[in-house]
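**Q** What follows is a single structure, and I will ask about it in a moment.
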Amino acid sequence: MLRETFNDAAELYDKARPSYPPALVGELARSTSLGRRSRVLEIGPGTGQLTRALAGFGCHITAVELGDALAAVARRRLAGFPRVDVRTAEFERWPLPEEPFDLVACATAFHWIDPAVRVEKAADALRAGGHLAVVVTHHVAGGTTEFFGRAQECYERWDPATPPGLRLRPSSEILSATEDFEACPRFGDVTVTRFEQDITHTADEYIDVLLTYSGHRALDTARREGLLACIRELIDTRHGGRVTKRYLHELIVAIRVAP
């Protein structure tokens, strides 16, 4: 499965994946009343990019990660936070504890969870009045715009699944994916807050980021190497060795209503 490809690159994932904007973390904490007494369940923490930020609020966190290598890196990176417990398990089959949580959080991983399970099990895990907070990340138009237009030619050449003429869309054209939360009667007061960040990468850094994406990792070796060589050459010869990528992060928060 594609969601399992990240585990093969756990150290690279921790090194290359960008952290979330401080403003997003602050809004998540404010909107969910996060504090030392909060019990948090994090789904799919990876190597702990969001976990480390949440742990800074002193809360108790149980983080459930599918990949054993990812979980091992997360434990190492979170060793200074004794109130964080990283479990290696598939969330869909992980038995919920009897005591409910105040917050269920998931950053850039909710789409990998079985759609028939993810929202209902999150509701099962929460106390009435608790919060579900999901971060959805989009790659959008912006940054070094010319590079991303040219890079698409590399994808069309080396990745047969690439639709011709595909281009990044501006943030204003991205629709918020709130249907799952609004359709579940166990949640109410769904809100969406958007945050953009531009991150500048060297050629090496950008290649490392690409190597943490499931679609790139799923390519056969020859196609992947050809694609990455094409992109590296483009960055080095046409863009001075550095490119800027724009990310759109959506923070979706819903409140668990009383039964």
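Here, A, B, ... name the chains of the structure tokens in the order displayed, residue numbers run from 1 inside each chain, and ligands are numbered from 1 in the same displayed order.
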If we count only C-alpha atoms, what is near Ile61 in chain A at a cut-off of 9 Å, once residues fewer than 4 positions away on the same chain are taken out, given as a VMD selection string?
**A** chain A and resid 38 to 42 51 54 to 55 83 to 86
**Q** Would you save the residues of that selection, restricted to all heavy atoms, as a short mmCIF file (atom, residue, chain, number, x, y, z; two decimals), in the first residue's frame?
**A**
data_model
loop_
_atom_site.label_atom_id
_atom_site.label_comp_id
_atom_site.auth_asym_id
_atom_site.auth_seq_id
_atom_site.Cartn_x
_atom_site.Cartn_y
_atom_site.Cartn_z
N SER A 38 -4.83 18.29 29.17
CA SER A 38 -5.45 17.70 27.98
C SER A 38 -4.88 16.32 27.69
O SER A 38 -3.67 16.09 27.78
CB SER A 38 -5.21 18.60 26.76
OG SER A 38 -5.73 19.89 26.96
N ARG A 39 -5.78 15.41 27.33
CA ARG A 39 -5.40 14.08 26.85
C ARG A 39 -5.59 14.07 25.34
O ARG A 39 -6.70 14.29 24.84
CB ARG A 39 -6.23 12.98 27.51
CG ARG A 39 -6.04 12.89 29.01
CD ARG A 39 -6.81 11.71 29.60
NE ARG A 39 -6.23 10.42 29.21
CZ ARG A 39 -6.74 9.59 28.33
NH1 ARG A 39 -7.86 9.90 27.69
NH2 ARG A 39 -6.16 8.44 28.05
N VAL A 40 -4.50 13.84 24.61
CA VAL A 40 -4.49 13.95 23.16
C VAL A 40 -4.19 12.61 22.52
O VAL A 40 -3.27 11.90 22.94
CB VAL A 40 -3.43 14.98 22.70
CG1 VAL A 40 -3.42 15.11 21.17
CG2 VAL A 40 -3.69 16.34 23.34
N LEU A 41 -4.96 12.26 21.51
CA LEU A 41 -4.67 11.11 20.66
C LEU A 41 -4.26 11.66 19.31
O LEU A 41 -5.02 12.38 18.67
CB LEU A 41 -5.90 10.21 20.51
CG LEU A 41 -5.82 9.10 19.46
CD1 LEU A 41 -4.70 8.12 19.78
CD2 LEU A 41 -7.16 8.38 19.33
N GLU A 42 -3.04 11.34 18.88
CA GLU A 42 -2.60 11.77 17.55
C GLU A 42 -2.55 10.55 16.63
O GLU A 42 -1.94 9.53 16.97
CB GLU A 42 -1.24 12.45 17.57
CG GLU A 42 -0.87 12.99 16.20
CD GLU A 42 0.48 13.68 16.13
OE1 GLU A 42 1.21 13.69 17.15
OE2 GLU A 42 0.81 14.19 15.05
N THR A 51 3.71 16.51 16.55
CA THR A 51 3.74 16.04 17.94
C THR A 51 4.65 16.89 18.80
O THR A 51 4.30 17.24 19.94
CB THR A 51 4.22 14.58 18.00
OG1 THR A 51 3.71 13.85 16.88
CG2 THR A 51 3.80 13.91 19.29
N LEU A 54 2.91 20.13 19.71
CA LEU A 54 1.84 19.93 20.68
C LEU A 54 2.40 19.59 22.06
O LEU A 54 1.87 20.03 23.09
CB LEU A 54 0.90 18.82 20.21
CG LEU A 54 0.16 19.05 18.89
CD1 LEU A 54 -0.76 17.86 18.59
CD2 LEU A 54 -0.63 20.35 18.91
N ALA A 55 3.47 18.81 22.08
CA ALA A 55 4.06 18.40 23.36
C ALA A 55 4.56 19.60 24.15
O ALA A 55 4.64 19.55 25.38
CB ALA A 55 5.19 17.42 23.12
N ARG A 83 5.62 12.88 28.71
CA ARG A 83 4.17 12.69 28.66
C ARG A 83 3.69 12.28 27.27
O ARG A 83 2.50 12.25 27.02
CB ARG A 83 3.46 13.96 29.11
CG ARG A 83 3.87 14.43 30.51
CD ARG A 83 2.97 15.51 31.02
NE ARG A 83 1.72 14.96 31.53
CZ ARG A 83 0.62 15.69 31.76
NH1 ARG A 83 0.63 16.99 31.49
NH2 ARG A 83 -0.47 15.13 32.24
N VAL A 84 4.64 11.97 26.38
CA VAL A 84 4.29 11.49 25.03
C VAL A 84 4.58 10.00 24.94
O VAL A 84 5.68 9.54 25.27
CB VAL A 84 5.09 12.25 23.95
CG1 VAL A 84 4.77 11.67 22.57
CG2 VAL A 84 4.77 13.74 23.99
N ASP A 85 3.59 9.25 24.49
CA ASP A 85 3.69 7.80 24.35
C ASP A 85 3.42 7.45 22.89
O ASP A 85 2.29 7.64 22.40
CB ASP A 85 2.68 7.12 25.28
CG ASP A 85 2.70 5.61 25.17
OD1 ASP A 85 3.70 5.06 24.67
OD2 ASP A 85 1.71 4.97 25.59
N VAL A 86 4.45 6.96 22.19
CA VAL A 86 4.30 6.60 20.78
C VAL A 86 4.04 5.11 20.68
O VAL A 86 4.84 4.29 21.12
CB VAL A 86 5.56 6.97 19.97
CG1 VAL A 86 5.38 6.57 18.50
CG2 VAL A 86 5.85 8.47 20.08
#
**Q** Taking only C-alpha atoms into account, name the residue in A:Arg17, A:Lys245, A:Arg93, A:Arg256 that is nearest to Ile113 in chain A.
**A** A:Arg93
**Q** Tell me, as JSON, numbers by chain, which residues lie within 8 Å of range 186-192 of chain A, counting only C-alpha atoms; anything in the same chain fewer than 2 positions away does not count.
**A** {"A": [123, 176, 178, 181, 182, 184, 194, 250, 251, 252, 253, 254, 255, 256, 257, 258, 259]}
**Q** Please provide the set of residues having any atom within 10 Å of Phe101 in chain A, restricted to only C-alpha atoms, with same-chain residues fewer than 3 positions apart removed, written as a count of residues only.
**A** 21
**Q** Run DSSP on the backbone of this structure and report the residues of range 41-247 of chain A it assigns to helix (DSSP H, G or I), as number ranges by chain.
**A** A: 49-55, 68-77, 91-93, 110-112, 118-125, 145-158, 171-173, 179-183, 203-210, 214-218, 221-238
**Q** Residues at most 8 Å from range 88-90 of chain A, counting only C-alpha atoms, excluding those fewer than 2 positions away in the same chain, as number ranges by chain?
**A** A: 64-68, 71, 86, 92-94
**Q** Write out as a list in words which residues come within 7 Å of range 228-236 of chain A when counting only C-alpha atoms, dropping same-chain ones fewer than 6 positions away.
**A**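 Selected residues are Ala151, Cys154, Ala203, Ile207, Arg242 and Val243 of chain A.
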**Q** Could you go through range 135-197 of chain A and tell me which residues DSSP, when run on the backbone, assigns to strand (DSSP E), listing them as a ChimeraX atom specification?
**A** /A:135-140,187-197
**Q** Export, as a short mmCIF file (atom, residue, chain, number, x, y, z; two decimals), in the first residue's frame, the selected residues with N, CA, C and O atoms.
**A**
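New file part_6.cif:
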data_model
loop_
_atom_site.label_atom_id
_atom_site.label_comp_id
_atom_site.auth_asym_id
_atom_site.auth_seq_id
_atom_site.Cartn_x
_atom_site.Cartn_y
_atom_site.Cartn_z
N VAL A 135 -5.24 18.44 10.00
CA VAL A 135 -4.49 19.35 9.13
C VAL A 135 -4.39 18.69 7.75
O VAL A 135 -3.93 17.55 7.63
N VAL A 136 -4.85 19.41 6.74
CA VAL A 136 -4.77 18.95 5.36
C VAL A 136 -3.79 19.86 4.61
O VAL A 136 -3.92 21.09 4.69
N THR A 137 -2.83 19.28 3.93
CA THR A 137 -1.81 20.06 3.24
C THR A 137 -1.98 19.94 1.73
O THR A 137 -2.13 18.84 1.21
N HIS A 138 -1.93 21.08 1.06
CA HIS A 138 -2.04 21.14 -0.39
C HIS A 138 -0.79 21.78 -0.97
O HIS A 138 -0.21 22.69 -0.38
N HIS A 139 -0.40 21.33 -2.15
CA HIS A 139 0.66 21.99 -2.91
C HIS A 139 -0.04 22.94 -3.88
O HIS A 139 -0.84 22.50 -4.71
N VAL A 140 0.26 24.23 -3.77
CA VAL A 140 -0.49 25.23 -4.53
C VAL A 140 0.44 26.11 -5.34
O VAL A 140 1.66 26.15 -5.11
N PHE A 187 -20.48 15.03 15.11
CA PHE A 187 -19.64 16.23 15.14
C PHE A 187 -20.45 17.45 14.73
O PHE A 187 -21.37 17.36 13.92
N GLY A 188 -20.08 18.58 15.29
CA GLY A 188 -20.72 19.85 14.93
C GLY A 188 -19.71 20.98 14.95
O GLY A 188 -18.53 20.79 15.27
N ASP A 189 -20.18 22.17 14.59
CA ASP A 189 -19.34 23.38 14.61
C ASP A 189 -18.02 23.18 13.88
O ASP A 189 -16.94 23.42 14.42
N VAL A 190 -18.10 22.74 12.63
CA VAL A 190 -16.89 22.52 11.83
C VAL A 190 -16.35 23.87 11.35
O VAL A 190 -17.07 24.65 10.74
N THR A 191 -15.08 24.13 11.63
CA THR A 191 -14.44 25.37 11.18
C THR A 191 -13.18 25.04 10.40
O THR A 191 -12.54 24.00 10.62
N VAL A 192 -12.82 25.93 9.48
CA VAL A 192 -11.61 25.76 8.68
C VAL A 192 -10.80 27.06 8.75
O VAL A 192 -11.33 28.14 8.51
N THR A 193 -9.53 26.93 9.08
CA THR A 193 -8.61 28.07 9.07
C THR A 193 -7.44 27.73 8.16
O THR A 193 -6.89 26.62 8.24
N ARG A 194 -7.06 28.68 7.30
CA ARG A 194 -6.04 28.42 6.30
C ARG A 194 -4.73 29.16 6.63
O ARG A 194 -4.76 30.29 7.10
N PHE A 195 -3.63 28.48 6.32
CA PHE A 195 -2.31 29.04 6.54
C PHE A 195 -1.44 28.70 5.32
O PHE A 195 -1.42 27.55 4.89
N GLU A 196 -0.75 29.68 4.80
CA GLU A 196 0.19 29.44 3.70
C GLU A 196 1.61 29.63 4.20
O GLU A 196 1.86 30.45 5.09
N GLN A 197 2.53 28.86 3.63
CA GLN A 197 3.94 29.12 3.90
C GLN A 197 4.75 28.81 2.66
O GLN A 197 4.47 27.85 1.94
#
**Q** Which of these residues is nearest to Gly143 in chain A, using only C-alpha atoms: A:Cys106, A:Asp198, A:Leu24, A:Phe91?
**A**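 That would be A:Asp198, the residue with the smallest distance to Gly143 in chain A.
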